[in-house]
Each structure stands twice: as C-alpha cells, then as structure tokens.
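Source file structure13.cif; content: mmCIF, C-alpha atoms.
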```cif
data_run
loop_
_atom_site.label_atom_id
_atom_site.label_comp_id
_atom_site.auth_asym_id
_atom_site.auth_seq_id
_atom_site.Cartn_x
_atom_site.Cartn_y
_atom_site.Cartn_z
CA MET Z 27 23.70 -3.93 16.91
CA THR Z 28 21.19 -1.11 17.12
CA VAL Z 29 17.64 -1.54 18.37
CA MET Z 30 16.37 -1.15 14.79
CA GLU Z 31 18.83 -3.74 13.43
CA SER Z 32 17.78 -6.15 16.19
CA PHE Z 33 14.14 -5.68 15.18
CA VAL Z 34 14.48 -5.87 11.38
CA ASP Z 35 16.88 -8.84 11.53
CA ARG Z 36 13.88 -10.88 12.70
CA LEU Z 37 11.72 -9.99 9.68
CA ASP Z 38 11.44 -12.17 6.62
CA HIS Z 39 8.93 -10.44 4.39
CA PRO Z 40 8.46 -10.86 0.63
CA VAL Z 41 10.66 -8.92 -1.78
CA TYR Z 42 9.41 -7.23 -4.92
CA LEU Z 43 10.63 -6.31 -8.37
CA VAL Z 44 9.73 -2.78 -9.45
CA THR Z 45 9.86 -1.61 -13.06
CA ALA Z 46 9.41 1.81 -14.60
CA THR Z 47 9.56 3.59 -17.92
CA ALA Z 48 9.91 7.29 -18.61
CA ASP Z 49 11.42 9.45 -21.34
CA GLY Z 50 12.20 6.38 -23.46
CA GLU Z 51 14.14 4.61 -20.68
CA ARG Z 52 13.26 1.39 -18.85
CA ALA Z 53 14.54 0.49 -15.40
CA GLY Z 54 13.88 -2.08 -12.71
CA CYS Z 55 15.21 -3.18 -9.34
CA LEU Z 56 14.76 -5.53 -6.42
CA VAL Z 57 12.94 -3.88 -3.51
CA SER Z 58 12.56 -4.98 0.08
CA PHE Z 59 10.80 -1.87 1.44
CA ALA Z 60 7.17 -2.03 0.27
CA SER Z 61 3.71 -2.56 1.69
CA GLN Z 62 0.01 -2.10 1.23
CA CYS Z 63 -0.82 1.09 3.10
CA SER Z 64 -4.57 1.58 2.54
CA ILE Z 65 -7.58 -0.63 1.88
CA ARG Z 66 -10.10 1.97 0.64
CA PRO Z 67 -8.85 3.42 -1.53
CA ALA Z 68 -6.39 0.66 -2.38
CA ARG Z 69 -2.85 1.99 -2.04
CA PHE Z 70 0.62 0.48 -1.99
CA MET Z 71 3.87 2.22 -1.04
CA VAL Z 72 7.19 1.19 -2.57
CA TRP Z 73 10.49 2.71 -1.46
CA LEU Z 74 13.34 3.22 -3.94
CA SER Z 75 16.93 4.04 -3.05
CA THR Z 76 17.97 7.46 -4.30
CA LEU Z 77 21.27 5.88 -5.47
CA ASN Z 78 19.43 3.50 -7.79
CA ARG Z 79 18.96 4.03 -11.54
CA THR Z 80 15.36 2.85 -11.15
CA PHE Z 81 14.75 5.82 -8.85
CA ARG Z 82 16.11 8.21 -11.48
CA VAL Z 83 13.71 6.81 -14.09
CA ALA Z 84 10.78 6.40 -11.67
CA ARG Z 85 10.84 10.01 -10.50
CA SER Z 86 9.63 10.99 -14.00
CA ALA Z 87 7.24 8.03 -14.41
CA GLU Z 88 3.47 8.27 -14.08
CA ARG Z 89 3.14 4.54 -13.35
CA LEU Z 90 5.28 1.80 -11.80
CA ALA Z 91 4.85 -1.97 -11.92
CA VAL Z 92 5.31 -4.02 -8.75
CA HIS Z 93 5.92 -7.77 -9.11
CA LEU Z 94 5.87 -10.53 -6.51
CA PRO Z 95 8.49 -13.08 -7.61
CA GLY Z 96 8.34 -16.73 -6.64
CA ARG Z 97 11.08 -18.59 -4.79
CA ASP Z 98 11.90 -20.29 -8.09
CA GLN Z 99 12.81 -16.88 -9.56
CA TYR Z 100 16.04 -16.24 -7.67
CA ALA Z 101 17.92 -15.66 -10.96
CA LEU Z 102 15.46 -12.90 -11.88
CA ALA Z 103 15.90 -11.30 -8.46
CA GLU Z 104 19.67 -11.58 -8.81
CA LEU Z 105 19.51 -9.86 -12.21
CA PHE Z 106 17.33 -6.99 -10.97
CA GLY Z 107 19.07 -6.69 -7.60
CA GLY Z 108 22.67 -7.54 -8.39
CA GLU Z 109 23.11 -5.66 -11.66
CA THR Z 110 22.71 -1.98 -12.39
CA GLY Z 111 20.90 -0.68 -15.42
CA ASP Z 112 23.72 1.85 -15.73
CA ARG Z 113 25.84 -1.00 -17.17
CA VAL Z 114 23.41 -3.80 -18.15
CA ASP Z 115 20.14 -3.94 -20.11
CA LYS Z 116 18.22 -6.11 -17.65
CA PHE Z 117 15.23 -6.30 -19.97
CA ALA Z 118 17.33 -7.95 -22.69
CA ARG Z 119 17.91 -10.79 -20.20
CA ALA Z 120 14.36 -11.13 -18.86
CA ALA Z 121 11.02 -12.09 -20.40
CA TRP Z 122 8.57 -9.21 -20.20
CA THR Z 123 5.68 -7.54 -21.98
CA ALA Z 124 4.59 -3.93 -22.15
CA GLY Z 125 1.82 -3.13 -19.67
CA PRO Z 126 -0.24 0.05 -19.29
CA ASP Z 127 1.69 3.10 -20.53
CA SER Z 128 4.42 0.69 -21.72
CA VAL Z 129 5.53 -0.11 -18.17
CA PRO Z 130 7.49 -3.39 -18.34
CA VAL Z 131 5.60 -6.32 -16.79
CA LEU Z 132 7.90 -9.24 -15.99
CA ASP Z 133 6.60 -12.62 -17.16
CA GLY Z 134 5.99 -15.52 -14.79
CA THR Z 135 5.86 -13.73 -11.44
CA LEU Z 136 3.33 -14.84 -8.83
CA ALA Z 137 1.42 -11.58 -9.15
CA TRP Z 138 1.92 -8.04 -10.41
CA PHE Z 139 0.17 -4.72 -10.61
CA VAL Z 140 0.76 -1.43 -12.34
CA GLY Z 141 0.05 1.55 -10.13
CA ARG Z 142 -0.44 5.21 -10.87
CA VAL Z 143 1.99 7.34 -8.87
CA GLU Z 144 -0.22 9.38 -6.51
CA GLY Z 145 2.60 10.98 -4.58
CA ARG Z 146 6.20 10.75 -3.42
CA THR Z 147 7.65 10.95 0.09
CA ASP Z 148 11.30 11.75 0.74
CA ALA Z 149 12.51 9.68 3.68
CA GLY Z 150 16.25 10.22 3.49
CA ASP Z 151 18.12 7.64 1.44
CA HIS Z 152 14.85 6.26 -0.01
CA VAL Z 153 11.84 7.91 -1.61
CA GLY Z 154 8.41 6.36 -1.21
CA PHE Z 155 6.13 6.12 -4.24
CA LEU Z 156 2.45 5.94 -3.31
CA LEU Z 157 0.71 3.80 -5.92
CA SER Z 158 -2.94 3.39 -6.86
CA PRO Z 159 -3.42 0.09 -8.75
CA VAL Z 160 -4.78 0.43 -12.29
CA ALA Z 161 -4.12 -3.07 -13.69
CA GLY Z 162 -2.75 -6.37 -12.51
CA GLY Z 163 -2.56 -10.09 -12.89
CA SER Z 164 -1.19 -13.31 -11.49
CA GLY Z 165 0.65 -16.27 -12.89
CA GLY Z 166 0.43 -19.95 -12.20
CA ARG Z 167 -2.24 -22.08 -10.58
CA THR Z 168 -4.08 -20.62 -7.63
CA GLY Z 169 -4.95 -22.21 -4.34
CA ARG Z 170 -6.67 -21.05 -1.16
CA LYS Z 171 -7.84 -17.41 -1.25
CA GLY Z 172 -6.62 -17.11 -4.84
CA CYS Z 173 -2.95 -17.38 -3.85
CA THR Z 174 -0.63 -19.26 -6.13
CA GLU Z 175 0.76 -22.53 -4.85
CA ARG Z 176 4.30 -21.23 -5.39
CA GLU Z 177 5.87 -19.45 -2.45
CA PRO Z 178 6.96 -15.82 -2.68
CA LEU Z 179 10.65 -14.98 -2.68
CA ARG Z 180 11.59 -13.64 0.75
CA LEU Z 181 14.25 -11.37 2.17
CA SER Z 182 16.20 -14.32 3.59
CA ASP Z 183 16.27 -15.90 0.13
CA VAL Z 184 18.10 -12.92 -1.39
CA ASP Z 185 20.50 -11.94 1.38
CA GLY Z 186 23.40 -13.28 -0.70
CA ILE Z 187 22.77 -10.89 -3.59
CA THR Z 188 25.29 -8.06 -3.72
CA ALA Z 189 23.48 -4.88 -4.74
CA GLY Z 190 24.27 -3.42 -8.17
CA HIS Z 191 24.50 0.02 -6.53
CA PRO Z 192 25.89 0.69 -3.05
CA VAL Z 193 23.34 0.18 -0.30
CA SER Z 194 22.76 3.47 1.46
#
```

Write the structure described by the file as structure tokens, please.
Amino acid sequence: MTVMESFVDRLDHPVYLVTATADGERAGCLVSFASQCSIRPARFMVWLSTLNRTFRVARSAERLAVHLPGRDQYALAELFGGETGDRVDKFARAAWTAGPDSVPVLDGTLAWFVGRVEGRTDAGDHVGFLLSPVAGGSGGRTGRKGCTEREPLRLSDVDGITAGHPVS
C-alpha cells in the first residue's frame, strides 16, 4: 500500500452526482473528488475522469449541476456510478427537472447547485471543473444550520458499486 492509499483509505467524505448538458446531450456520473475551494468568491471544484462520458459532455458545457445525495439514494448513486451513458439513458430512469440552461437537476437530493464553469484544470486522469454557483436548492426538512435531517451518502456507502467506465 502506498503512502497515498494509506491516507485516502481513512477518508469517508460525501459523494456527489454531477450532471451536464451540451450540444443536445445529457450526461451524469457519481463523483468522489470534489470540494469547496473558495469562500469569497464562492467556488467549488469537481473532478471528472477523462474516461467518463460525463467528461466528454461537460468539456463543452457552460454549467454543471452538483448534487448531494442522501444515504437513502443508493440506487440513484448506483445508476449514475455503475452504468455508462454510452449504453444507458440514465435520465430515463431517474426523476429530474431542467435547471438553468437546461442542466438536469436530479429530484429529491439533499441539496444541489448549478455552477458556471469558470475554468478547467488538467490533473492527469481527471480534469477539475471550477464552478461558480448560479442557482441551487435543497430537499427535505432542515435541521440545525439548515442541514437536512437525512445523512449524505458517503464514500464507504458506495464502495460496492462497480464503475460503468474503467477507473483510471
């Protein structure tokens, strides 16, 4: 086990669902590399595998949607992480509505935002998309600090999902 593997094996951060639309195509995938990266201005970075169909659509998109699924949404994560849009229309199997610029917004997630793509960073087998939020919302009842009472889906919850595309 490498030093990096030893470090990241101890992490159990939330996972996200990212959706995009460009040139008449929709795409979406399960993402585990993402984080807020600035407070003022508000910025969020999401990393997409270059092997993924979502990356191919997102590289032409002006906006992406980032969703925080709940632990009760494993089936949705399995659909977006375990299937590839090259073979399956994921959006025919999921409830969604069109958000800003027709970006698909998945129904029922804990929270979501649509972000304008401010820049891209090539990091090898993943490309980072720097997003500036333009719209967002949350689902369900909220508790302390506006957080929903449902728990977010975490990396350990989805470790049994076999990726729709090879993991690079």

Take atom CA of Z:Asp35 and atom CA of Z:Ser182 and report the distance between them in Å, one decimal.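 That distance, rounded to one decimal, is 9.7 Å.
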
As a check of understanding, name the residues that the PyMOL selection byres ((chain Z and resi 56) around 7) selects in the supplied structure, as a PyMOL selection string. chain Z and resi 42-44+55+57-58+103+106-107

Could you take the residues named above and write them with C-alpha atoms, as a compact mmCIF listing (two decimals), keeping the file's coordinate frame?
```txt
# COMPACT_ATOMS: atom_id res chain seq x y z
CA TYR Z 42 9.41 -7.23 -4.92
CA LEU Z 43 10.63 -6.31 -8.37
CA VAL Z 44 9.73 -2.78 -9.45
CA CYS Z 55 15.21 -3.18 -9.34
CA VAL Z 57 12.94 -3.88 -3.51
CA SER Z 58 12.56 -4.98 0.08
CA ALA Z 103 15.90 -11.30 -8.46
CA PHE Z 106 17.33 -6.99 -10.97
CA GLY Z 107 19.07 -6.69 -7.60
```

Contacts of Z:Ala118 at 12 Å or less, counting all atoms listed in the file, minus same-chain residues fewer than 5 places along, as a ChimeraX atom specification? /Z:52-53,105-106,111,123,130,132

Apply the PyMOL selection byres ((chain Z and resi 146) around 12) to the structure shown and report the selected residues as a list of chain:residue names. Z:Phe70, Z:Met71, Z:Val72, Z:Trp73, Z:Leu74, Z:Phe81, Z:Ala84, Z:Arg85, Z:Ser86, Z:Ala87, Z:Glu88, Z:Arg142, Z:Val143, Z:Glu144, Z:Gly145, Z:Thr147, Z:Asp148, Z:Ala149, Z:His152, Z:Val153, Z:Gly154, Z:Phe155, Z:Leu156, Z:Leu157

Atom CA of Z:Leu102 and atom CA of Z:Arg89, how far apart in Å?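 Taking atom CA of Z:Arg89 and atom CA of Z:Leu102, their separation equals 21.4 Å.
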